[in-house]
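final_31.cif follows (mmCIF, C-alpha atoms and all ligand atoms):
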data_upload
loop_
_atom_site.label_atom_id
_atom_site.label_comp_id
_atom_site.auth_asym_id
_atom_site.auth_seq_id
_atom_site.Cartn_x
_atom_site.Cartn_y
_atom_site.Cartn_z
CA MET A 1 17.40 8.39 -13.28
CA SER A 2 16.62 5.74 -10.71
CA LYS A 3 14.70 6.72 -7.62
CA PRO A 4 16.18 6.20 -4.16
CA ILE A 5 14.72 3.30 -2.22
CA GLN A 6 12.29 4.35 0.48
CA VAL A 7 10.96 2.38 3.42
CA SER A 8 7.36 2.58 4.51
CA ALA A 9 6.59 1.12 7.95
CA SER A 10 3.14 -0.43 8.34
CA ILE A 11 1.90 0.22 11.85
CA LEU A 12 -0.23 -2.94 11.67
CA CYS A 13 2.54 -4.66 13.65
CA ALA A 14 3.14 -1.75 16.02
CA ASP A 15 2.25 -1.94 19.71
CA PHE A 16 -1.00 0.02 19.85
CA THR A 17 -0.69 0.58 23.59
CA LYS A 18 2.21 2.93 22.84
CA LEU A 19 1.70 4.17 19.33
CA GLY A 20 3.53 7.46 19.97
CA GLU A 21 6.70 5.61 20.94
CA GLU A 22 6.34 3.29 17.97
CA ILE A 23 6.15 6.26 15.59
CA LYS A 24 9.25 7.69 17.22
CA LYS A 25 10.92 4.31 16.67
CA CYS A 26 10.10 4.59 12.95
CA GLU A 27 11.57 8.09 12.78
CA ASP A 28 14.72 7.13 14.70
CA ALA A 29 15.24 4.10 12.48
CA GLY A 30 15.19 6.27 9.34
CA VAL A 31 11.84 5.19 7.94
CA ASP A 32 10.61 7.43 5.09
CA MET A 33 6.87 7.11 5.56
CA LEU A 34 4.17 5.45 7.61
CA HIS A 35 1.70 2.97 6.15
CA VAL A 36 -1.71 2.68 7.78
CA ASP A 37 -3.62 -0.49 6.88
CA VAL A 38 -7.35 0.17 6.91
CA MET A 39 -9.52 -2.98 6.74
CA ASP A 40 -13.30 -3.17 6.83
CA GLY A 41 -14.07 -6.88 7.23
CA HIS A 42 -15.78 -6.86 3.80
CA PHE A 43 -13.12 -6.17 1.17
CA VAL A 44 -10.75 -8.26 3.28
CA PRO A 45 -11.51 -10.80 6.01
CA ASN A 46 -10.23 -8.65 8.85
CA ILE A 47 -11.04 -5.38 10.61
CA SER A 48 -8.25 -3.04 11.62
CA ILE A 49 -8.18 0.73 12.10
CA GLY A 50 -9.62 3.86 10.53
CA ALA A 51 -9.26 7.59 10.02
CA LEU A 52 -9.31 8.15 13.79
CA ILE A 53 -5.83 6.64 14.06
CA VAL A 54 -4.52 8.72 11.15
CA GLU A 55 -5.85 11.80 12.92
CA ALA A 56 -4.28 10.71 16.20
CA ILE A 57 -0.79 10.14 14.79
CA ARG A 58 -0.79 13.14 12.41
CA PRO A 59 0.43 15.68 15.01
CA LEU A 60 3.14 13.28 16.22
CA THR A 61 5.23 13.19 13.07
CA LYS A 62 6.22 14.96 9.90
CA LEU A 63 6.66 11.66 8.07
CA PRO A 64 4.23 11.26 5.18
CA ILE A 65 1.31 8.99 6.05
CA GLU A 66 -0.13 6.59 3.50
CA SER A 67 -3.63 5.25 4.08
CA HIS A 68 -3.97 1.85 2.40
CA LEU A 69 -7.73 1.49 2.10
CA MET A 70 -8.78 -2.16 2.03
CA ILE A 71 -12.44 -1.24 2.11
CA GLU A 72 -15.44 -1.82 -0.15
CA LYS A 73 -16.30 1.77 -1.07
CA PRO A 74 -13.08 3.77 -0.86
CA GLY A 75 -14.64 6.75 -2.61
CA ASP A 76 -16.93 7.32 0.36
CA TYR A 77 -13.96 7.74 2.69
CA ILE A 78 -11.47 9.80 0.69
CA ASP A 79 -12.46 13.05 2.37
CA ALA A 80 -12.30 11.49 5.83
CA PHE A 81 -8.76 10.20 5.34
CA ALA A 82 -7.61 13.36 3.59
CA ASP A 83 -9.03 15.52 6.38
CA ALA A 84 -7.46 13.25 8.99
CA GLY A 85 -4.07 14.11 7.52
CA ALA A 86 -3.09 11.31 5.15
CA ASP A 87 -0.61 12.36 2.44
CA ILE A 88 -1.12 9.37 0.18
CA ILE A 89 -4.46 7.65 -0.29
CA SER A 90 -4.20 4.18 -1.82
CA ILE A 91 -7.31 2.60 -3.30
CA HIS A 92 -7.74 -0.90 -4.73
CA VAL A 93 -8.44 -1.49 -8.43
CA GLU A 94 -10.68 -4.38 -7.33
CA CYS A 95 -13.21 -1.78 -6.13
CA TYR A 96 -13.63 -0.55 -9.72
CA GLY A 97 -14.59 -3.46 -11.92
CA GLN A 98 -16.55 -6.65 -12.23
CA ARG A 99 -15.33 -9.08 -9.59
CA ARG A 100 -14.42 -12.55 -10.74
CA GLU A 101 -16.88 -15.29 -10.12
CA GLY A 102 -15.91 -16.90 -6.84
CA CYS A 103 -15.16 -13.62 -5.10
CA ARG A 104 -18.27 -11.56 -5.82
CA GLU A 105 -20.22 -12.44 -2.74
CA TYR A 106 -19.78 -11.41 0.85
CA GLY A 107 -17.11 -13.51 2.51
CA GLN A 108 -15.36 -14.63 -0.68
CA TYR A 109 -11.69 -13.69 -0.83
CA PRO A 110 -9.39 -12.52 -2.26
CA LYS A 111 -11.26 -9.96 -4.31
CA GLU A 112 -9.99 -9.98 -7.91
CA ILE A 113 -10.93 -8.40 -11.24
CA ASP A 114 -9.78 -8.84 -14.83
CA ALA A 115 -10.50 -5.32 -16.09
CA ILE A 116 -10.91 -1.97 -14.40
CA ASP A 117 -13.66 0.58 -14.95
CA VAL A 118 -11.20 3.39 -15.66
CA GLU A 119 -13.74 6.21 -15.46
CA ALA A 120 -15.06 5.12 -12.06
CA ALA A 121 -11.54 4.85 -10.69
CA ARG A 122 -10.50 8.15 -12.26
CA LYS A 123 -13.32 9.94 -10.47
CA ASP A 124 -11.94 8.86 -7.09
CA VAL A 125 -8.32 9.47 -8.12
CA LEU A 126 -9.23 13.02 -9.09
CA ARG A 127 -11.06 13.51 -5.80
CA ILE A 128 -7.91 12.46 -3.92
CA LYS A 129 -5.94 15.01 -5.94
CA GLU A 130 -8.54 17.74 -5.42
CA LYS A 131 -7.99 17.22 -1.72
CA GLY A 132 -4.31 17.93 -2.33
CA LYS A 133 -3.19 14.35 -1.71
CA ARG A 134 -1.25 11.79 -3.72
CA ALA A 135 -3.23 8.98 -5.32
CA PHE A 136 -1.96 5.39 -5.50
CA MET A 137 -3.79 2.44 -7.05
CA VAL A 138 -3.37 -0.94 -5.33
CA ILE A 139 -3.37 -4.26 -7.19
CA ASN A 140 -4.00 -7.64 -5.54
CA PRO A 141 -1.74 -10.60 -6.41
CA GLY A 142 -4.40 -12.33 -8.52
CA THR A 143 -5.46 -9.22 -10.43
CA PRO A 144 -3.53 -8.45 -13.62
CA LEU A 145 -1.93 -5.12 -14.37
CA CYS A 146 -5.05 -3.41 -15.68
CA LEU A 147 -4.55 0.30 -15.15
CA GLY A 148 -4.73 1.31 -18.79
CA ASP A 149 -5.02 5.02 -19.23
CA LEU A 150 -5.18 5.61 -15.52
CA VAL A 151 -1.38 5.55 -15.27
CA LYS A 152 -1.44 9.14 -16.51
CA ASP A 153 -3.50 10.31 -13.53
CA ILE A 154 -1.97 8.46 -10.60
CA ASP A 155 1.09 9.20 -8.49
CA GLY A 156 1.92 5.64 -7.58
CA VAL A 157 1.04 1.97 -7.61
CA LEU A 158 1.07 -0.27 -4.56
CA MET A 159 1.59 -3.84 -5.70
CA MET A 160 0.33 -6.43 -3.23
CA SER A 161 2.65 -9.37 -2.75
CA VAL A 162 0.24 -11.08 -0.34
CA ASN A 163 -3.52 -11.30 -0.36
CA PRO A 164 -4.52 -8.35 1.79
CA GLY A 165 -5.94 -8.78 5.28
CA PHE A 166 -3.07 -9.82 7.49
CA SER A 167 0.59 -9.18 8.18
CA LYS A 168 3.23 -11.93 8.44
CA GLN A 169 2.16 -13.74 5.28
CA LYS A 170 4.41 -15.35 2.69
CA PHE A 171 5.62 -13.24 -0.23
CA MET A 172 3.93 -14.04 -3.56
CA PRO A 173 6.42 -13.69 -6.46
CA VAL A 174 3.56 -13.10 -8.93
CA ALA A 175 3.86 -9.43 -8.00
CA LEU A 176 7.35 -9.21 -9.52
CA GLY A 177 6.40 -9.73 -13.16
CA LYS A 178 3.72 -7.05 -12.90
CA ILE A 179 6.20 -4.64 -11.36
CA GLN A 180 8.66 -5.22 -14.20
CA GLU A 181 5.96 -4.68 -16.76
CA LEU A 182 4.67 -1.55 -15.04
CA ARG A 183 8.12 -0.01 -14.59
CA LYS A 184 8.56 0.02 -18.39
CA VAL A 185 5.62 2.41 -18.81
CA PHE A 186 5.32 4.18 -15.47
CA ASP A 187 7.66 6.71 -14.00
CA GLY A 188 5.85 7.28 -10.69
CA ASP A 189 6.28 5.50 -7.39
CA ILE A 190 5.99 1.73 -7.33
CA SER A 191 5.59 0.27 -3.89
CA ILE A 192 5.38 -3.36 -2.79
CA ASP A 193 3.40 -4.55 0.21
CA GLY A 194 3.45 -7.94 1.90
CA GLY A 195 6.13 -10.39 2.93
CA VAL A 196 8.99 -7.95 2.46
CA ASN A 197 12.13 -9.23 4.18
CA ALA A 198 15.87 -9.65 3.61
CA GLU A 199 15.35 -12.29 0.92
CA THR A 200 12.40 -10.82 -0.97
CA SER A 201 13.34 -7.13 -0.95
CA PRO A 202 16.26 -7.44 -3.43
CA GLN A 203 13.94 -9.15 -5.91
CA ALA A 204 11.38 -6.37 -5.53
CA VAL A 205 13.98 -3.66 -6.05
CA GLU A 206 15.41 -5.45 -9.05
CA ALA A 207 11.93 -5.67 -10.54
CA GLY A 208 11.54 -1.91 -10.24
CA VAL A 209 10.01 -0.86 -6.93
CA ASN A 210 11.24 2.24 -5.16
CA ILE A 211 9.15 1.92 -1.98
CA LEU A 212 9.23 -1.12 0.30
CA ALA A 213 6.33 -1.40 2.75
CA THR A 214 6.90 -3.62 5.75
CA ALA A 215 5.12 -4.43 8.99
CA SER A 216 6.56 -7.56 10.61
CA TYR A 217 10.10 -7.35 9.21
CA PHE A 218 10.49 -3.85 10.63
CA PHE A 219 8.52 -4.06 13.89
CA GLY A 220 9.72 -7.60 14.61
CA ALA A 221 13.38 -6.68 14.22
CA GLU A 222 15.73 -6.51 17.16
CA ASP A 223 17.43 -3.58 15.47
CA PRO A 224 14.91 -1.79 13.24
CA ALA A 225 17.47 0.82 12.14
CA LYS A 226 19.57 -2.00 10.70
CA VAL A 227 16.58 -3.22 8.70
CA VAL A 228 16.02 0.25 7.25
CA THR A 229 19.70 0.71 6.42
CA TYR A 230 19.73 -2.65 4.67
CA LEU A 231 16.59 -1.94 2.64
CA LYS A 232 17.67 1.57 1.65
CA GLY A 233 21.05 0.23 0.60
CA LEU A 234 19.56 -2.08 -2.04
CA GLN A 235 20.67 -1.04 -5.47
CA PRO A 236 18.01 0.11 -7.89
CA VAL A 237 18.74 -0.95 -11.44
CA HIS A 238 16.30 1.44 -13.10
C1 LIG B 301 -1.65 -6.65 4.32
C2 LIG B 301 -1.21 -5.23 4.56
C3 LIG B 301 0.27 -5.09 4.65
C4 LIG B 301 0.83 -5.79 5.86
C5 LIG B 301 2.25 -6.16 5.61
O1 LIG B 301 -3.02 -6.68 4.18
O2 LIG B 301 -1.66 -4.39 3.52
O3 LIG B 301 0.63 -3.71 4.65
O4 LIG B 301 0.74 -5.00 7.01
O5 LIG B 301 2.69 -7.01 6.63
P1 LIG B 301 4.07 -7.82 6.49
O6 LIG B 301 5.14 -6.83 6.16
O7 LIG B 301 4.24 -8.49 7.82
O8 LIG B 301 3.85 -8.80 5.37
ZN ZN B 302 -0.78 -2.37 3.40
#
Rewrite the structure from the file as structure tokens, please.
Ligand code: DX5
Ligand code: ZN
Amino acid sequence: MSKPIQVSASILCADFTKLGEEIKKCEDAGVDMLHVDVMDGHFVPNISIGALIVEAIRPLTKLPIESHLMIEKPGDYIDAFADAGADIISIHVECYGQRREGCREYGQYPKEIDAIDVEAARKDVLRIKEKGKRAFMVINPGTPLCLGDLVKDIDGVLMMSVNPGFSKQKFMPVALGKIQELRKVFDGDISIDGGVNAETSPQAVEAGVNILATASYFFGAEDPAKVVTYLKGLQPVH
């Protein structure tokens, strides 16, 4: 049975002077969940927002909140984001493995690995679940599908289709092959993040995603409800 397509709105492109109204806009437009992009200026070359914002928006909505942790030591912050009210905690595979030469040092991006330390990642995945939350692993465009055994423990995979750090970047099709490959062996949620728009979303759905994360396409739209209707109307083939 194919899963219905869901839309996750990344508040990175929301107007932070009126976050409450922006969340209401997401709800009114029919968005299925909120995506909070957390950046530490180390794992990615940008600093954004933290658990404080998750805590602030939690009472405003019943929509599930995903915390996408683009931070060096996600394990140290699982409790903080869980306690702030996140429903999904998404952690990068690149935090659990030997970084490729060329991206090991401070200031070298994007962070990429060739193989994951499954046990180290599993420890944090299990912590997320102990806190009663759903655990997603995130994979950067240049990192291969390297989840191995971990697919049995996780609830979802967030496939990056841009190098993380900024919104409004160009979609990287390298994500599509990994999604196809993953969908053959994984029944959980597969989400795509970065450069989602009218042209790229059908390709992502065809490859096997069931969650489309979007910041600029949604928040930049004149009619955000139309965007959501379009995305949710895409036909899953799986
Ligand atoms: C990138 C973030 C994305 C970003 C998407 O580092 O993880 O969630 O907000 O932005 P758009 O949809 O504009 O590519
Ligand atoms: Zn994100």
_Non-local contacts of Lys123 in chain A (12 Å; only C-alpha atoms; under 2 positions in same chain excluded) as a ChimeraX atom specification_ = /A:74-76,78,91,96,117-121,125-130,135,150,153-154
Same residues, C-alpha atoms, saved as a short mmCIF file (atom, residue, chain, number, x, y, z; two decimals), keeping the file's coordinate frame:
data_model
loop_
_atom_site.label_atom_id
_atom_site.label_comp_id
_atom_site.auth_asym_id
_atom_site.auth_seq_id
_atom_site.Cartn_x
_atom_site.Cartn_y
_atom_site.Cartn_z
CA PRO A 74 -13.08 3.77 -0.86
CA GLY A 75 -14.64 6.75 -2.61
CA ASP A 76 -16.93 7.32 0.36
CA ILE A 78 -11.47 9.80 0.69
CA ILE A 91 -7.31 2.60 -3.30
CA TYR A 96 -13.63 -0.55 -9.72
CA ASP A 117 -13.66 0.58 -14.95
CA VAL A 118 -11.20 3.39 -15.66
CA GLU A 119 -13.74 6.21 -15.46
CA ALA A 120 -15.06 5.12 -12.06
CA ALA A 121 -11.54 4.85 -10.69
CA VAL A 125 -8.32 9.47 -8.12
CA LEU A 126 -9.23 13.02 -9.09
CA ARG A 127 -11.06 13.51 -5.80
CA ILE A 128 -7.91 12.46 -3.92
CA LYS A 129 -5.94 15.01 -5.94
CA GLU A 130 -8.54 17.74 -5.42
CA ALA A 135 -3.23 8.98 -5.32
CA LEU A 150 -5.18 5.61 -15.52
CA ASP A 153 -3.50 10.31 -13.53
CA ILE A 154 -1.97 8.46 -10.60
#
*CA of Val174 in chain A to CA of Ala225 in chain A: how many Å, to one decimal?*
28.8 Å
_Shell around Ala215 in chain A at 8 Å using only C-alpha atoms, local window under 2 positions removed, as a list of chain:residue names_ = A:Ala9, A:Ser10, A:Ile11, A:Leu12, A:Cys13, A:Ala14, A:Ser167, A:Lys168, A:Ala213, A:Tyr217, A:Phe218, A:Phe219, A:Gly220
*Between CA of Ala56 in chain A and CA of Val38 in chain A, measure the distance and give it in Å to one decimal.*
14.4 Å
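Coordinates place CA of Leu176 in chain A at a distance of 17.7 Å from CA of Val7 in chain A.
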Closest contacts (chain A/ligand ZN 302 (chain B), max 6 Å, all atoms listed in the file) as a tab-separated table:
residue	atom	partner	partner_atom	distance
A:Asp37	CA	B:ZN302	ZN	4.9
A:His68	CA	B:ZN302	ZN	5.4
A:Asp193	CA	B:ZN302	ZN	5.7
*Which residues come within 12 Å of Glu181 in chain A, counting all atoms listed in the file, excluding same-chain residues fewer than 5 positions away, as a list in words?*
Pro144, Leu145, Cys146, Leu147, Met159, Val174, Ala175, Leu176, Phe186, Asp187, Ile190, Ala207, Gly208 and Val209 of chain A
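Candidate residues A:Ile5, A:Val36, A:Ile65, A:Ala82 were compared for distance to Thr229 in chain A, and the nearest is A:Ile5, using only C-alpha atoms.
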If we count all atoms listed in the file, what is near Met172 in chain A at a cut-off of 10 Å, once residues fewer than 3 positions away on the same chain are taken out, given as a CSV table (one decimal) with C-alpha atoms, keeping the file's coordinate frame?
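Resulting contents of selection39.csv:
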chain,number,residue,atom,x,y,z
A,141,PRO,CA,-1.7,-10.6,-6.4
A,142,GLY,CA,-4.4,-12.3,-8.5
A,160,MET,CA,0.3,-6.4,-3.2
A,161,SER,CA,2.6,-9.4,-2.8
A,162,VAL,CA,0.2,-11.1,-0.3
A,163,ASN,CA,-3.5,-11.3,-0.4
A,169,GLN,CA,2.2,-13.7,5.3
A,175,ALA,CA,3.9,-9.4,-8.0
A,176,LEU,CA,7.4,-9.2,-9.5
A,194,GLY,CA,3.4,-7.9,1.9
A,195,GLY,CA,6.1,-10.4,2.9
A,196,VAL,CA,9.0,-8.0,2.5
A,200,THR,CA,12.4,-10.8,-1.0
Give, as lines of an AutoDock Vina configuration file, the centre coordinates and the x, y and z edge lengths in Å to one decimal for an axis-aligned box around all listed atoms of range 132-143 of chain A, padded by 5 Å on each side.
center_x = -3.4
center_y = 2.8
center_z = -6.1
size_x = 14.2
size_y = 40.3
size_z = 18.7
*Write out as a PyMOL selection string which residues come within 10 Å of Glu101 in chain A when counting only C-alpha atoms, dropping same-chain ones fewer than 2 positions away.*
chain A and resi 98-99+103-105+108+111-113
Same residues, C-alpha atoms, output as an mmCIF file, keeping the file's coordinate frame:
data_model
loop_
_atom_site.group_PDB
_atom_site.id
_atom_site.type_symbol
_atom_site.label_atom_id
_atom_site.label_comp_id
_atom_site.auth_asym_id
_atom_site.auth_seq_id
_atom_site.Cartn_x
_atom_site.Cartn_y
_atom_site.Cartn_z
ATOM 1 C CA GLN A 98 -16.550 -6.650 -12.230
ATOM 2 C CA ARG A 99 -15.330 -9.080 -9.590
ATOM 3 C CA CYS A 103 -15.160 -13.620 -5.100
ATOM 4 C CA ARG A 104 -18.270 -11.560 -5.820
ATOM 5 C CA GLU A 105 -20.220 -12.440 -2.740
ATOM 6 C CA GLN A 108 -15.360 -14.630 -0.680
ATOM 7 C CA LYS A 111 -11.260 -9.960 -4.310
ATOM 8 C CA GLU A 112 -9.990 -9.980 -7.910
ATOM 9 C CA ILE A 113 -10.930 -8.400 -11.240
#
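Across A:Ala80, A:Met39, A:Ala204, A:Leu63, the tightest approach to ligand LIG 301 (chain B) is made by A:Met39 when counting only C-alpha atoms and all ligand atoms.
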*Go through A:Gly156, A:Leu69, A:Ser2, A:Cys26 one by one, measure the shortest atom-to-atom distance of each to Glu206 in chain A using all atoms listed in the file, and give the residue with the smallest value.*
A:Ser2
*For ligand LIG 301 (chain B), which residue out of A:Glu55, A:Glu222, A:Asp28, A:Glu66 is the nearest one, using only C-alpha atoms and all ligand atoms?*
A:Glu66
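Restricting the calculation to only C-alpha atoms, the smallest distance between Val44 in chain A and any of A:Ser216, A:Asn140, A:Thr17, A:Ser191 is found for A:Asn140.
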